[in-house]
Amino acid sequence: MSDKAILEFGGSKYEFPVVQGTENEVGIDIKTLRGSSGMITLDPGYKNTGSCESGITFLNGEKGILRYRGYAIEDLAEKADFLEVAFLLIFGELPNQEQLHKFHEDIKHESHVDEEMKKIINGFPKSAHPMGVLSSLTSALIAFNPTSVDVASEEAMYSAIVRIMAKFPVLVAWTMRKKMGLPLEYGDDTMGYVENLHKMMFKRPNKEYKMNRVVIDALDQLLILHADHEQNCSTSTVRIVGSSHAGLFASLSAGISALWGPLHGGANQAVLEMLEAIAADGGDTNKFMAKAKDKNDSFRLMGFGHRVYKNFDPRAKILKKAADEVLGDLGIEDHILDVAKGLEKVALEDQYFVKRKLYPNVDFYSGIIYRALGIPVEMFTVMFAMGRLPGWIAHWREMRLRGEPIGRPRQIYIGENSRPFAAMNNR
Ligand code: ACO
């Protein structure tokens, strides 16, 4: 393979180096394009643009492969727990027993949230969307942890990472408890990371909390499956905000806002609402399929399609099986699962979806499991954010350690040319 790409334009030739990743992905390095030719590239939605080199997550959309730091998502979902995966994503290697113990102990040590934060959360109306609350609380944490991270110091970086890994589950739990009118409580440091998250979310003031292994394992798996997905919208947001040297918590807060949208993490809530609407309408999947295919109708089949996966989303495959197992183990019969399976079957045989390579994505089945775990629909995207936290942290850390420049795309201007100022009486 040639290690150069040649661009010909206006009678001139420009040469660019070709870079190759460890999985043989190939990219044209156009850093010198504007300087040498005066031109830029135009790629709305960045469908063909690599924004960075990254060693965290590999995915191959054509083959349906997803690996964190080289480990297959199928293995991690089955054999690791969320905290191990978080350590792996952030620091690059699976922790040994001692490293994992230390990481967890350090997190426990930081797992308090300033009491004053309760005033902030209590200022929100109960009707506030949990994602808006979570993003605001994450931002508000900065006021209580004002020291900026010295990224040249691994120790300072580690300390910031531990702080947010510790406090974020409290914010997630408080966000849900506020919505449900439950008192805002702190965690139990005798428990595992995910057990503690679940207890903080669900402990009733007048009832003893009883742990259910099926529930905890299902939650653990969901968090692992959402933990990273390379340069998606929210992760790119975290990286670009962080590239201005804004702090970790500020970058994360921006990432949460990006995740909220229904074309990204907000799809899990939208999927369940869509399945409920189909069921309430009598279960006629064909009617909704027709709407999804109608170009004059803005309706899309939520939970279907992916920017990168054009064969299948390996996370959806794991979750479809998990949905059956979890509902079975918990003895729940949910007609929504049947609607989802029916819809998937029809869509996978429909030429519109086949031609465009639209398959169920991670959000298609996750909501059904969240619902079986008793998590309210409006909290689904918050759970996604909880899972994605280590991925965002890993990317922020990688970006800062690599000393990446501030993210600042260019544009092709299509507005008015220079014109004289129009006085008020002349407009
Ligand atoms: N329902 C109906 N048609 C769809 C859908 C869908 N869910 N997804 C894509 N299409 C169609 C588009 O209309 C377009 O058709 P056209 O070629 O005739 O114009 C074609 O498929 C390609 O779609 P794009 O929007 O160009 O694909 P893109 O890569 O930009 O978007 C996205 C990917 C945003 C995920 C899209 O498939 C979508 O909106 N899906 C529904 C929302 C969703 O489930 N989001 C979660 C994604 S996973 C995640 O973020 C965790």
# chains A, B, ... in the order shown; residues from 1 in each chain; ligands from 1
$ residues_near_ligand --ligand "ligand 1" --cutoff "8 Å" --atoms "only C-alpha atoms and all ligand atoms" --output "PyMOL selection string"
chain A and resi 45+47+226+232-233+259+262-268+271+292-293+295+299-308+352-353+356-358+360-364
$ write_last_selection --atoms "N, CA and C atoms" --output "CSV table (one decimal), in the first residue's frame"
chain,number,residue,atom,x,y,z
A,45,GLY,N,-21.4,16.4,10.1
A,45,GLY,CA,-21.7,15.2,10.9
A,45,GLY,C,-20.4,14.4,11.0
A,47,LYS,N,-18.9,12.4,9.1
A,47,LYS,CA,-19.0,11.0,8.8
A,47,LYS,C,-17.7,10.3,8.3
A,226,HIS,N,-22.5,0.0,28.1
A,226,HIS,CA,-22.6,1.4,27.7
A,226,HIS,C,-21.3,2.2,28.0
A,232,ASN,N,-18.2,8.9,19.7
A,232,ASN,CA,-19.6,9.3,19.5
A,232,ASN,C,-19.9,10.7,19.9
A,233,CYS,N,-21.1,11.2,19.8
A,233,CYS,CA,-21.4,12.6,20.0
A,233,CYS,C,-21.0,13.1,21.4
A,259,LEU,N,-25.4,13.7,25.4
A,259,LEU,CA,-26.0,12.4,25.5
A,259,LEU,C,-27.6,12.4,25.5
A,262,PRO,N,-32.4,12.7,21.7
A,262,PRO,CA,-33.0,11.4,21.2
A,262,PRO,C,-32.3,10.7,20.1
A,263,LEU,N,-31.4,11.4,19.4
A,263,LEU,CA,-30.7,10.7,18.4
A,263,LEU,C,-29.4,10.0,19.0
A,264,HIS,N,-29.2,10.2,20.2
A,264,HIS,CA,-28.0,9.6,20.9
A,264,HIS,C,-28.6,8.8,22.1
A,265,GLY,N,-28.1,9.1,23.3
A,265,GLY,CA,-28.5,8.4,24.5
A,265,GLY,C,-30.0,8.5,24.8
A,266,GLY,N,-30.6,9.6,24.5
A,266,GLY,CA,-32.0,9.8,24.8
A,266,GLY,C,-32.9,8.8,24.0
A,267,ALA,N,-32.3,8.0,23.1
A,267,ALA,CA,-33.1,7.1,22.3
A,267,ALA,C,-33.6,6.0,23.2
A,268,ASN,N,-33.0,5.6,24.3
A,268,ASN,CA,-33.5,4.5,25.2
A,268,ASN,C,-34.9,4.9,25.8
A,271,VAL,N,-37.3,4.9,22.8
A,271,VAL,CA,-37.7,3.5,22.3
A,271,VAL,C,-38.9,3.0,23.2
A,292,ALA,N,-42.3,5.2,9.7
A,292,ALA,CA,-40.8,5.4,9.7
A,292,ALA,C,-40.2,5.5,8.3
A,293,LYS,N,-40.9,4.9,7.4
A,293,LYS,CA,-40.4,4.9,6.0
A,293,LYS,C,-40.9,6.1,5.2
A,295,LYS,N,-41.0,9.6,4.0
A,295,LYS,CA,-40.1,10.7,4.1
A,295,LYS,C,-40.7,12.0,4.5
A,299,PHE,N,-41.1,10.8,11.9
A,299,PHE,CA,-41.0,9.7,12.8
A,299,PHE,C,-39.9,8.7,12.3
A,300,ARG,N,-39.1,8.3,13.3
A,300,ARG,CA,-38.0,7.3,13.0
A,300,ARG,C,-38.2,6.1,13.9
A,301,LEU,N,-37.9,5.0,13.5
A,301,LEU,CA,-38.0,3.8,14.4
A,301,LEU,C,-36.8,3.9,15.4
A,302,MET,N,-37.2,4.3,16.6
A,302,MET,CA,-36.2,4.6,17.6
A,302,MET,C,-35.5,3.3,18.0
A,303,GLY,N,-34.2,3.3,18.3
A,303,GLY,CA,-33.5,2.1,18.6
A,303,GLY,C,-33.0,1.4,17.4
A,304,PHE,N,-33.3,1.9,16.2
A,304,PHE,CA,-32.8,1.3,14.9
A,304,PHE,C,-31.8,2.2,14.2
A,305,GLY,N,-30.8,1.6,13.6
A,305,GLY,CA,-29.8,2.4,12.9
A,305,GLY,C,-28.7,2.8,13.8
A,306,HIS,N,-27.5,3.0,13.1
A,306,HIS,CA,-26.4,3.4,13.9
A,306,HIS,C,-25.4,4.1,12.9
A,307,ARG,N,-24.7,5.1,13.3
A,307,ARG,CA,-23.8,5.8,12.4
A,307,ARG,C,-22.7,4.8,12.0
A,308,VAL,N,-22.3,3.9,12.9
A,308,VAL,CA,-21.1,3.1,12.6
A,308,VAL,C,-21.5,1.6,12.3
A,352,TYR,N,-36.7,-1.5,3.0
A,352,TYR,CA,-36.2,-0.2,3.4
A,352,TYR,C,-35.1,-0.3,4.4
A,353,PHE,N,-35.3,-1.1,5.4
A,353,PHE,CA,-34.3,-1.3,6.5
A,353,PHE,C,-33.1,-2.1,6.1
A,356,ARG,N,-30.8,0.0,3.8
A,356,ARG,CA,-30.1,1.0,4.5
A,356,ARG,C,-29.3,0.5,5.7
A,357,LYS,N,-29.2,-0.8,5.8
A,357,LYS,CA,-28.5,-1.5,6.8
A,357,LYS,C,-28.8,-1.0,8.2
A,358,LEU,N,-30.1,-0.9,8.5
A,358,LEU,CA,-30.6,-0.5,9.8
A,358,LEU,C,-30.9,-1.6,10.7
A,360,PRO,N,-31.2,-3.2,15.0
A,360,PRO,CA,-31.4,-2.6,16.4
A,360,PRO,C,-30.1,-2.2,17.0
A,361,ASN,N,-30.1,-1.1,17.7
A,361,ASN,CA,-28.9,-0.6,18.4
A,361,ASN,C,-29.0,-0.9,19.9
A,362,VAL,N,-28.0,-0.5,20.6
A,362,VAL,CA,-27.9,-0.8,22.1
A,362,VAL,C,-29.2,-0.4,22.8
A,363,ASP,N,-29.8,0.7,22.3
A,363,ASP,CA,-31.0,1.2,23.0
A,363,ASP,C,-32.3,0.5,22.8
A,364,PHE,N,-32.3,-0.4,21.8
A,364,PHE,CA,-33.6,-1.1,21.5
A,364,PHE,C,-34.0,-2.0,22.6
$ select_by_dssp --residues "region 173-323 of chain A" --states "alpha helix (DSSP H)" --output "JSON, numbers by chain"
{"A": [173, 174, 175, 176, 177, 178, 179, 180, 193, 194, 195, 196, 197, 198, 199, 200, 201, 202, 213, 214, 215, 216, 217, 218, 219, 220, 221, 222, 223, 224, 225, 233, 234, 235, 236, 237, 238, 239, 240, 241, 242, 248, 249, 250, 251, 252, 253, 254, 255, 256, 257, 258, 259, 260, 267, 268, 269, 270, 271, 272, 273, 274, 275, 276, 277, 278, 279, 280, 285, 286, 287, 288, 289, 290, 291, 292, 293, 314, 315, 316, 317, 318, 319, 320, 321, 322, 323]}
$ residues_around --residues "region 134-144 of chain A" --least-positions-apart "3" --cutoff "8 Å" --atoms "only C-alpha atoms" --output "PyMOL selection string"
chain A and resi 114+117+120-121+130-131+168+171-172+175+249-250+252-254+256-257+382
$ residues_around --residues "Phe380 (chain A)" --least-positions-apart "3" --cutoff "9 Å" --atoms "only C-alpha atoms" --output "list in words"
Gly265, Gly266, Asn268, Gln269, Ser366, Gly367, Tyr370, Arg371, Ile375, Pro376, Val377, Met383, Phe384 and Ala385 of chain A
$ residues_around --residues "Ser36 (chain A)" --least-positions-apart "5" --cutoff "12 Å" --atoms "only C-alpha atoms" --output "MDAnalysis selection string"
chainID A and resid 7 9 12:16 30:31
$ closest_residue --among "A:Gln351, A:Gln20, A:Gly10, A:Val346" --to "Met39 (chain A)" --atoms "only C-alpha atoms"
A:Gly10
$ atom_distance --atom1 "CA of Arg408 (chain A)" --atom2 "CA of Glu155 (chain A)"
29.5 Å
$ residues_around --residues "Tyr193 (chain A)" --least-positions-apart "2" --cutoff "9 Å" --atoms "only C-alpha atoms" --output "PyMOL selection string"
chain A and resi 82-83+104+107-108+166+169+189+191+195-198
$ decode --residues "region 239-343 of chain A" --atoms "C-alpha atoms" --output "tab-separated table (two decimals), in the first residue's frame"
chain	number	residue	atom	x	y	z
A	239	ARG	CA	-12.99	15.83	24.25
A	240	ILE	CA	-13.70	19.11	22.51
A	241	VAL	CA	-14.76	20.91	25.71
A	242	GLY	CA	-11.73	19.48	27.50
A	243	SER	CA	-9.49	20.58	24.64
A	244	SER	CA	-10.02	24.19	25.73
A	245	HIS	CA	-8.51	23.03	29.06
A	246	ALA	CA	-11.91	23.30	30.76
A	247	GLY	CA	-11.85	20.95	33.75
A	248	LEU	CA	-12.93	17.31	33.90
A	249	PHE	CA	-16.28	17.97	35.62
A	250	ALA	CA	-17.18	20.79	33.18
A	251	SER	CA	-16.32	18.55	30.22
A	252	LEU	CA	-18.44	15.72	31.66
A	253	SER	CA	-21.38	18.04	32.24
A	254	ALA	CA	-21.27	19.02	28.55
A	255	GLY	CA	-21.07	15.33	27.59
A	256	ILE	CA	-24.23	14.62	29.60
A	257	SER	CA	-26.08	17.34	27.67
A	258	ALA	CA	-24.93	15.84	24.37
A	259	LEU	CA	-26.04	12.37	25.46
A	260	TRP	CA	-29.52	13.65	26.32
A	261	GLY	CA	-30.65	14.02	22.68
A	262	PRO	CA	-33.03	11.38	21.25
A	263	LEU	CA	-30.66	10.66	18.36
A	264	HIS	CA	-28.02	9.62	20.90
A	265	GLY	CA	-28.50	8.36	24.49
A	266	GLY	CA	-32.00	9.78	24.76
A	267	ALA	CA	-33.06	7.06	22.32
A	268	ASN	CA	-33.50	4.54	25.17
A	269	GLN	CA	-36.33	6.62	26.64
A	270	ALA	CA	-37.73	7.28	23.14
A	271	VAL	CA	-37.70	3.53	22.34
A	272	LEU	CA	-39.79	2.62	25.35
A	273	GLU	CA	-42.22	5.44	24.72
A	274	MET	CA	-42.52	4.27	21.10
A	275	LEU	CA	-43.11	0.63	22.11
A	276	GLU	CA	-45.74	1.75	24.61
A	277	ALA	CA	-47.42	3.87	21.92
A	278	ILE	CA	-47.46	0.87	19.55
A	279	ALA	CA	-48.97	-1.34	22.25
A	280	ALA	CA	-51.56	1.29	23.18
A	281	ASP	CA	-52.46	1.61	19.52
A	282	GLY	CA	-53.32	-2.10	19.35
A	283	GLY	CA	-49.86	-3.43	18.47
A	284	ASP	CA	-49.98	-2.74	14.73
A	285	THR	CA	-46.24	-2.64	13.96
A	286	ASN	CA	-46.86	-2.20	10.22
A	287	LYS	CA	-48.49	1.17	10.81
A	288	PHE	CA	-45.39	2.46	12.63
A	289	MET	CA	-43.10	0.88	10.04
A	290	ALA	CA	-44.95	2.81	7.34
A	291	LYS	CA	-44.54	6.04	9.31
A	292	ALA	CA	-40.80	5.36	9.73
A	293	LYS	CA	-40.39	4.87	5.97
A	294	ASP	CA	-42.47	7.89	4.99
A	295	LYS	CA	-40.07	10.70	4.08
A	296	ASN	CA	-42.80	13.28	4.80
A	297	ASP	CA	-43.10	12.00	8.36
A	298	SER	CA	-40.36	12.90	10.85
A	299	PHE	CA	-41.00	9.68	12.82
A	300	ARG	CA	-38.05	7.30	12.99
A	301	LEU	CA	-37.97	3.81	14.36
A	302	MET	CA	-36.20	4.59	17.61
A	303	GLY	CA	-33.48	2.12	18.60
A	304	PHE	CA	-32.81	1.31	14.95
A	305	GLY	CA	-29.84	2.40	12.88
A	306	HIS	CA	-26.37	3.45	13.88
A	307	ARG	CA	-23.77	5.76	12.43
A	308	VAL	CA	-21.11	3.06	12.57
A	309	TYR	CA	-22.78	-0.38	12.86
A	310	LYS	CA	-24.01	-1.47	9.45
A	311	ASN	CA	-24.34	-5.19	10.17
A	312	PHE	CA	-25.38	-5.60	13.79
A	313	ASP	CA	-24.68	-3.88	17.07
A	314	PRO	CA	-22.97	-6.50	19.29
A	315	ARG	CA	-24.38	-4.77	22.38
A	316	ALA	CA	-27.94	-5.19	21.09
A	317	LYS	CA	-27.30	-8.91	20.56
A	318	ILE	CA	-26.16	-9.33	24.18
A	319	LEU	CA	-29.06	-7.25	25.48
A	320	LYS	CA	-31.74	-9.10	23.53
A	321	LYS	CA	-30.62	-12.33	25.22
A	322	ALA	CA	-30.27	-10.56	28.57
A	323	ALA	CA	-33.81	-9.12	28.33
A	324	ASP	CA	-35.22	-12.64	28.01
A	325	GLU	CA	-33.08	-13.94	30.88
A	326	VAL	CA	-33.63	-11.05	33.30
A	327	LEU	CA	-37.39	-10.96	32.78
A	328	GLY	CA	-37.48	-14.75	33.14
A	329	ASP	CA	-35.36	-14.74	36.32
A	330	LEU	CA	-37.44	-11.96	37.86
A	331	GLY	CA	-40.67	-13.67	36.81
A	332	ILE	CA	-41.84	-10.63	34.85
A	333	GLU	CA	-44.05	-10.92	31.81
A	334	ASP	CA	-43.85	-7.70	29.85
A	335	HIS	CA	-45.95	-7.39	26.69
A	336	ILE	CA	-43.55	-4.63	25.57
A	337	LEU	CA	-40.85	-7.26	25.01
A	338	ASP	CA	-43.17	-9.06	22.58
A	339	VAL	CA	-43.90	-5.79	20.77
A	340	ALA	CA	-40.14	-5.14	20.50
A	341	LYS	CA	-39.41	-8.62	19.13
A	342	GLY	CA	-42.28	-8.34	16.66
A	343	LEU	CA	-41.07	-4.95	15.48
